[in-house]
Amino acid sequence: MTSILVAGGAGYIGSHITCLLLQMGYQPVIFDNLSTGHIESVPEGVKIVVGDVRDTALVTSTLLDNKIEAVVHLCASSIVSESVSDPLKYFDNNVCGAISLLKAMSAASVSKLVFSSTAAVYGEPTRVPIHESDQKLPINPYGASKLMIEQIIRSTNINCVAFRYFNVAGAGFNVGEMHDCETHLIPCIIKNTLNQKPAFIFGTDYNTADGTCVRDYVHVVDLAVAHELGLQRLLKGQTGFEVYNLGTKNGMSVKEIVSEIQKLINVEVVLKERRPGDPAVLIANADKAENELHWKAERGAAEIVKDAVKFHVDQESALRQKKQ
Ligand code: UFG
């Protein structure tokens, strides 16, 4: 069995990737400090090493002890607003964490890496849909930290497939988005509604059809599938550094997402001022992933919303039962 280290495997995206790898016959091993990840998200039978990715010695021994052939690196701080208020945390955790992992991979002679990057590397897009080669001018330390890591990986001998995620949402494999500090649109609206609180729309005066921001929402299970395809390429011997946008090429406005959710639960909406730093429109051109990896998002907004609502409804009822 091919052993894969999923660094950050107890987090939202990492747990979906781990479940998919398990289902496809790989042997995933999770490395996670559980700062934002959840032990409950680790599937039964999967080994977890609890530690910080900046602990190079621990990462090295984990790679060697488990005969790891490739790494999926997802450990990162990822709240854009927090990256603005505490930039050094982001450069330390994200950039120093990646450097530590690369050192450990070199010490353990592991040369295959799938790296989790972000659409935040582009900053304000010069055109939409955004192509991988477009200008990269991040407007917050989170995006800057991910772009730096891409550049660092490029200058090493590591063979890497990097993915720039657009707006990841939805749920699968009985796991889902469980951030203590939630900022993302879909879980914020659902969680607020289930807790009888209003949901907020930040900004209705953007230069878009209905005045609200447009994003490219990609289902987390589709995203996990892309990671497995990236791993396959590396395991078959692909060398060098390749980067791919992961999105659907379709934009949905905040109001359109709210309407999708309203089909399932009764959302009360409050209109608010713009949230600082939100570009009006972010849509991926994902042709490169389609042409080279034969990857295409199969699940649309309706499925994303349906799966997210189901996950949060189940979570809330489990919580209520616990309290009783
Ligand atoms: N929004 C609301 N109400 C909410 C939450 C969000 O109206 O309660 C709006 C935001 O203002 C924005 C849109 O919904 O217009 C999407 O916001 P998210 O926070 O869900 O996602 P972002 O587009 O801000 O962020 C995503 C990723 C980041 C990544 C960024 C790239 O989650 O990790 O894209 O620009 F950095």
# chains A, B, ... in the order shown; residues from 1 in each chain; ligands from 1
>>> select_by_dssp(residues="stretch 78-323 of chain A", states="alpha helix (DSSP H)", output="ChimeraX atom specification")
/A:80-85,87-90,97-107,141-154,185-194,220-235,254-262,287-288,301-323
>>> closest_atom_pairs(of="chain A", to="ligand 1", cutoff="7 Å", atoms="only C-alpha atoms and all ligand atoms", output="Markdown table")
| residue | atom | partner | partner_atom_place_in_ligand_line | distance |
| --- | --- | --- | --- | --- |
| A:Ser78 | CA | ligand 1 | 33 (O) | 5.7 |
| A:Ile79 | CA | ligand 1 | 33 (O) | 6.5 |
| A:Val80 | CA | ligand 1 | 36 (F) | 6.0 |
| A:Thr118 | CA | ligand 1 | 29 (C) | 5.9 |
| A:Ala119 | CA | ligand 1 | 31 (C) | 4.6 |
| A:Ala120 | CA | ligand 1 | 31 (C) | 3.7 |
| A:Gly123 | CA | ligand 1 | 35 (O) | 6.8 |
| A:Tyr142 | CA | ligand 1 | 36 (F) | 6.8 |
| A:Gly143 | CA | ligand 1 | 36 (F) | 6.2 |
| A:Phe166 | CA | ligand 1 | 34 (O) | 5.7 |
| A:Asn167 | CA | ligand 1 | 26 (C) | 4.9 |
| A:Val168 | CA | ligand 1 | 32 (O) | 6.7 |
| A:Thr183 | CA | ligand 1 | 19 (O) | 5.1 |
| A:His184 | CA | ligand 1 | 20 (O) | 3.3 |
| A:Leu185 | CA | ligand 1 | 5 (C) | 3.6 |
| A:Ile186 | CA | ligand 1 | 20 (O) | 6.5 |
| A:Cys188 | CA | ligand 1 | 8 (O) | 5.1 |
| A:Ile189 | CA | ligand 1 | 8 (O) | 5.9 |
| A:Ala199 | CA | ligand 1 | 8 (O) | 6.2 |
| A:Phe200 | CA | ligand 1 | 3 (N) | 4.7 |
| A:Ile201 | CA | ligand 1 | 7 (O) | 3.4 |
| A:Phe202 | CA | ligand 1 | 7 (O) | 3.9 |
| A:Gly203 | CA | ligand 1 | 11 (O) | 6.8 |
| A:Thr212 | CA | ligand 1 | 15 (O) | 6.8 |
| A:Cys213 | CA | ligand 1 | 15 (O) | 4.4 |
| A:Val214 | CA | ligand 1 | 15 (O) | 6.8 |
| A:Arg215 | CA | ligand 1 | 23 (O) | 6.2 |
| A:Val254 | CA | ligand 1 | 14 (O) | 5.6 |
| A:Arg274 | CA | ligand 1 | 11 (O) | 6.6 |
| A:Arg275 | CA | ligand 1 | 11 (O) | 5.3 |
| A:Asp278 | CA | ligand 1 | 15 (O) | 5.7 |
>>> write_last_selection(atoms="N, CA, C and O atoms", output="CSV table (one decimal), in the first residue's frame")
chain,number,residue,atom,x,y,z
A,78,SER,N,-5.3,30.1,8.1
A,78,SER,CA,-6.0,30.5,6.8
A,78,SER,C,-7.1,31.5,7.0
A,78,SER,O,-8.0,31.5,6.1
A,79,ILE,N,-7.1,32.3,8.0
A,79,ILE,CA,-8.2,33.3,8.1
A,79,ILE,C,-7.6,34.6,7.7
A,79,ILE,O,-6.7,35.2,8.3
A,80,VAL,N,-8.2,35.1,6.6
A,80,VAL,CA,-7.6,36.3,5.9
A,80,VAL,C,-7.5,37.5,6.9
A,80,VAL,O,-6.5,38.1,7.0
A,118,THR,N,-3.8,28.9,-2.8
A,118,THR,CA,-5.0,29.6,-2.7
A,118,THR,C,-5.2,30.6,-3.8
A,118,THR,O,-4.2,31.1,-4.3
A,119,ALA,N,-6.4,30.9,-4.1
A,119,ALA,CA,-6.7,32.0,-5.1
A,119,ALA,C,-6.3,33.4,-4.5
A,119,ALA,O,-6.2,34.3,-5.2
A,120,ALA,N,-6.0,33.4,-3.2
A,120,ALA,CA,-5.6,34.7,-2.6
A,120,ALA,C,-4.2,35.1,-3.1
A,120,ALA,O,-3.8,36.2,-2.8
A,123,GLY,N,-4.7,38.2,-5.5
A,123,GLY,CA,-5.1,39.6,-5.1
A,123,GLY,C,-6.3,40.0,-5.9
A,123,GLY,O,-7.2,39.2,-6.3
A,142,TYR,N,-2.0,36.4,4.3
A,142,TYR,CA,-2.3,34.9,4.1
A,142,TYR,C,-1.9,34.6,2.6
A,142,TYR,O,-1.2,33.6,2.4
A,143,GLY,N,-2.4,35.4,1.7
A,143,GLY,CA,-2.1,35.1,0.3
A,143,GLY,C,-0.6,35.2,0.0
A,143,GLY,O,0.0,34.4,-0.7
A,166,PHE,N,-10.2,27.9,-5.1
A,166,PHE,CA,-11.1,29.0,-5.0
A,166,PHE,C,-12.0,28.8,-3.8
A,166,PHE,O,-11.5,28.5,-2.7
A,167,ASN,N,-13.3,29.0,-3.8
A,167,ASN,CA,-14.1,28.9,-2.5
A,167,ASN,C,-14.5,27.5,-2.2
A,167,ASN,O,-15.5,27.1,-2.8
A,168,VAL,N,-13.8,26.9,-1.3
A,168,VAL,CA,-14.1,25.5,-1.0
A,168,VAL,C,-15.3,25.4,0.0
A,168,VAL,O,-15.3,26.2,1.0
A,183,THR,N,-15.7,32.2,9.2
A,183,THR,CA,-15.8,33.5,8.5
A,183,THR,C,-16.4,33.2,7.1
A,183,THR,O,-16.8,34.1,6.4
A,184,HIS,N,-16.5,31.9,6.7
A,184,HIS,CA,-16.9,31.6,5.3
A,184,HIS,C,-18.4,31.7,5.1
A,184,HIS,O,-19.2,31.3,6.0
A,185,LEU,N,-18.8,32.2,4.0
A,185,LEU,CA,-20.2,32.5,3.7
A,185,LEU,C,-21.2,31.3,4.0
A,185,LEU,O,-22.1,31.5,4.8
A,186,ILE,N,-21.0,30.2,3.4
A,186,ILE,CA,-22.0,29.1,3.5
A,186,ILE,C,-22.1,28.6,5.0
A,186,ILE,O,-23.2,28.6,5.5
A,188,CYS,N,-21.3,30.1,7.7
A,188,CYS,CA,-21.8,31.2,8.6
A,188,CYS,C,-23.3,31.3,8.5
A,188,CYS,O,-24.0,31.4,9.5
A,189,ILE,N,-23.8,31.3,7.3
A,189,ILE,CA,-25.2,31.5,7.1
A,189,ILE,C,-26.0,30.3,7.7
A,189,ILE,O,-27.0,30.5,8.4
A,199,ALA,N,-28.4,36.1,9.3
A,199,ALA,CA,-27.2,35.9,8.5
A,199,ALA,C,-26.9,37.3,7.8
A,199,ALA,O,-27.8,38.1,7.6
A,200,PHE,N,-25.6,37.5,7.6
A,200,PHE,CA,-25.2,38.8,7.1
A,200,PHE,C,-24.7,38.7,5.6
A,200,PHE,O,-24.0,37.8,5.2
A,201,ILE,N,-25.1,39.7,4.9
A,201,ILE,CA,-24.6,39.9,3.5
A,201,ILE,C,-23.7,41.1,3.6
A,201,ILE,O,-24.2,42.2,3.8
A,202,PHE,N,-22.4,40.9,3.3
A,202,PHE,CA,-21.5,42.1,3.4
A,202,PHE,C,-21.3,42.8,2.0
A,202,PHE,O,-20.6,42.3,1.2
A,203,GLY,N,-22.0,43.9,1.9
A,203,GLY,CA,-21.9,44.7,0.7
A,203,GLY,C,-22.9,44.3,-0.4
A,203,GLY,O,-22.9,43.2,-0.9
A,212,THR,N,-23.9,42.0,-5.1
A,212,THR,CA,-23.1,41.3,-4.1
A,212,THR,C,-21.9,40.6,-4.8
A,212,THR,O,-21.9,40.3,-6.0
A,213,CYS,N,-20.9,40.2,-3.9
A,213,CYS,CA,-19.7,39.6,-4.5
A,213,CYS,C,-20.0,38.2,-5.1
A,213,CYS,O,-20.8,37.5,-4.7
A,214,VAL,N,-19.2,38.0,-6.2
A,214,VAL,CA,-19.3,36.7,-6.9
A,214,VAL,C,-18.1,35.8,-6.6
A,214,VAL,O,-17.0,36.3,-6.7
A,215,ARG,N,-18.3,34.6,-6.3
A,215,ARG,CA,-17.2,33.6,-6.1
A,215,ARG,C,-17.5,32.3,-6.8
A,215,ARG,O,-18.6,32.0,-7.2
A,254,VAL,N,-23.3,36.3,-3.7
A,254,VAL,CA,-23.7,36.0,-2.3
A,254,VAL,C,-25.2,35.8,-2.2
A,254,VAL,O,-25.7,34.9,-1.6
A,274,ARG,N,-19.7,46.7,3.2
A,274,ARG,CA,-18.7,45.8,2.6
A,274,ARG,C,-17.8,45.3,3.7
A,274,ARG,O,-17.5,46.1,4.6
A,275,ARG,N,-17.3,44.1,3.6
A,275,ARG,CA,-16.2,43.6,4.4
A,275,ARG,C,-14.9,44.0,3.8
A,275,ARG,O,-14.7,43.8,2.6
A,278,ASP,N,-12.5,42.5,0.2
A,278,ASP,CA,-13.2,41.5,-0.6
A,278,ASP,C,-13.2,42.0,-2.1
A,278,ASP,O,-13.9,42.9,-2.4
>>> residues_around(residues="stretch 249-252 of chain A", least_positions_apart="2", cutoff="7 Å", atoms="only C-alpha atoms", output="ChimeraX atom specification")
/A:129,214-216,247,254,256-257,283-286
>>> select_by_dssp(residues="stretch 139-301 of chain A", states="strand (DSSP E or B)", output="count of residues only")
35
>>> residues_around(residues="A:Cys19", least_positions_apart="4", cutoff="8 Å", atoms="only C-alpha atoms", output="number ranges by chain")
A: 15, 23, 43, 173
>>> write_last_selection(atoms="C-alpha atoms", output="mmCIF file, in the first residue's frame")
data_model
loop_
_atom_site.group_PDB
_atom_site.id
_atom_site.type_symbol
_atom_site.label_atom_id
_atom_site.label_comp_id
_atom_site.auth_asym_id
_atom_site.auth_seq_id
_atom_site.Cartn_x
_atom_site.Cartn_y
_atom_site.Cartn_z
ATOM 1 C CA SER A 15 -10.064 15.114 6.530
ATOM 2 C CA GLN A 23 -11.368 4.696 0.128
ATOM 3 C CA PRO A 43 -11.219 8.181 10.285
ATOM 4 C CA PHE A 173 -17.725 11.329 4.133
#
>>> closest_atom_pairs(of="stretch 161-202 of chain A", to="stretch 149-156 of chain A", cutoff="12 Å", atoms="only C-alpha atoms", output="Markdown table")
| residue | atom | partner | partner_atom | distance |
| --- | --- | --- | --- | --- |
| A:Val161 | CA | A:Glu150 | CA | 10.0 |
| A:Ala162 | CA | A:Glu150 | CA | 7.5 |
| A:Phe163 | CA | A:Glu150 | CA | 9.9 |
| A:Arg164 | CA | A:Glu150 | CA | 10.1 |
>>> write_last_selection(atoms="N, CA and C atoms", output="compact mmCIF listing (two decimals), in the first residue's frame")
# COMPACT_ATOMS: atom_id res chain seq x y z
N VAL A 161 2.90 19.24 -7.17
CA VAL A 161 1.66 19.71 -7.78
C VAL A 161 1.03 20.65 -6.75
N ALA A 162 0.87 21.92 -7.12
CA ALA A 162 0.26 22.89 -6.20
C ALA A 162 -1.12 23.25 -6.73
N PHE A 163 -2.08 23.39 -5.79
CA PHE A 163 -3.45 23.72 -6.17
C PHE A 163 -3.85 25.06 -5.57
N ARG A 164 -4.32 25.96 -6.43
CA ARG A 164 -4.85 27.24 -5.92
C ARG A 164 -6.36 27.07 -5.81
>>> atom_distance(atom1="atom CA of A:His294", atom2="atom CA of A:Tyr217")
19.0 Å
>>> residues_around(residues="A:Gly14", least_positions_apart="5", cutoff="9 Å", atoms="only C-alpha atoms", output="list in words")
Val6, Ala7, Gly8, Gly9, Cys19, Ile30, Gly37, Val72, His73, Leu74, Cys75 and Ala224 of chain A
>>> residues_around(residues="A:Leu137", least_positions_apart="4", cutoff="8 Å", atoms="only C-alpha atoms", output="ChimeraX atom specification")
/A:121-124,144
>>> residues_around(residues="stretch 233-236 of chain A", least_positions_apart="5", cutoff="8 Å", atoms="only C-alpha atoms", output="number ranges by chain")
A: 70, 112-113, 159-161
>>> closest_residue(among="A:Leu101, A:Leu229, A:Leu63, A:Ala209", to="A:Ala289", atoms="only C-alpha atoms")
A:Leu229
>>> closest_residue(among="A:Leu293, A:Leu21, A:Leu271, A:Ala308", to="A:Leu5", atoms="only C-alpha atoms")
A:Leu21
>>> closest_residue(among="A:His38, A:Lys47, A:Lys191, A:Lys255", to="A:Gln315", atoms="only C-alpha atoms")
A:Lys191
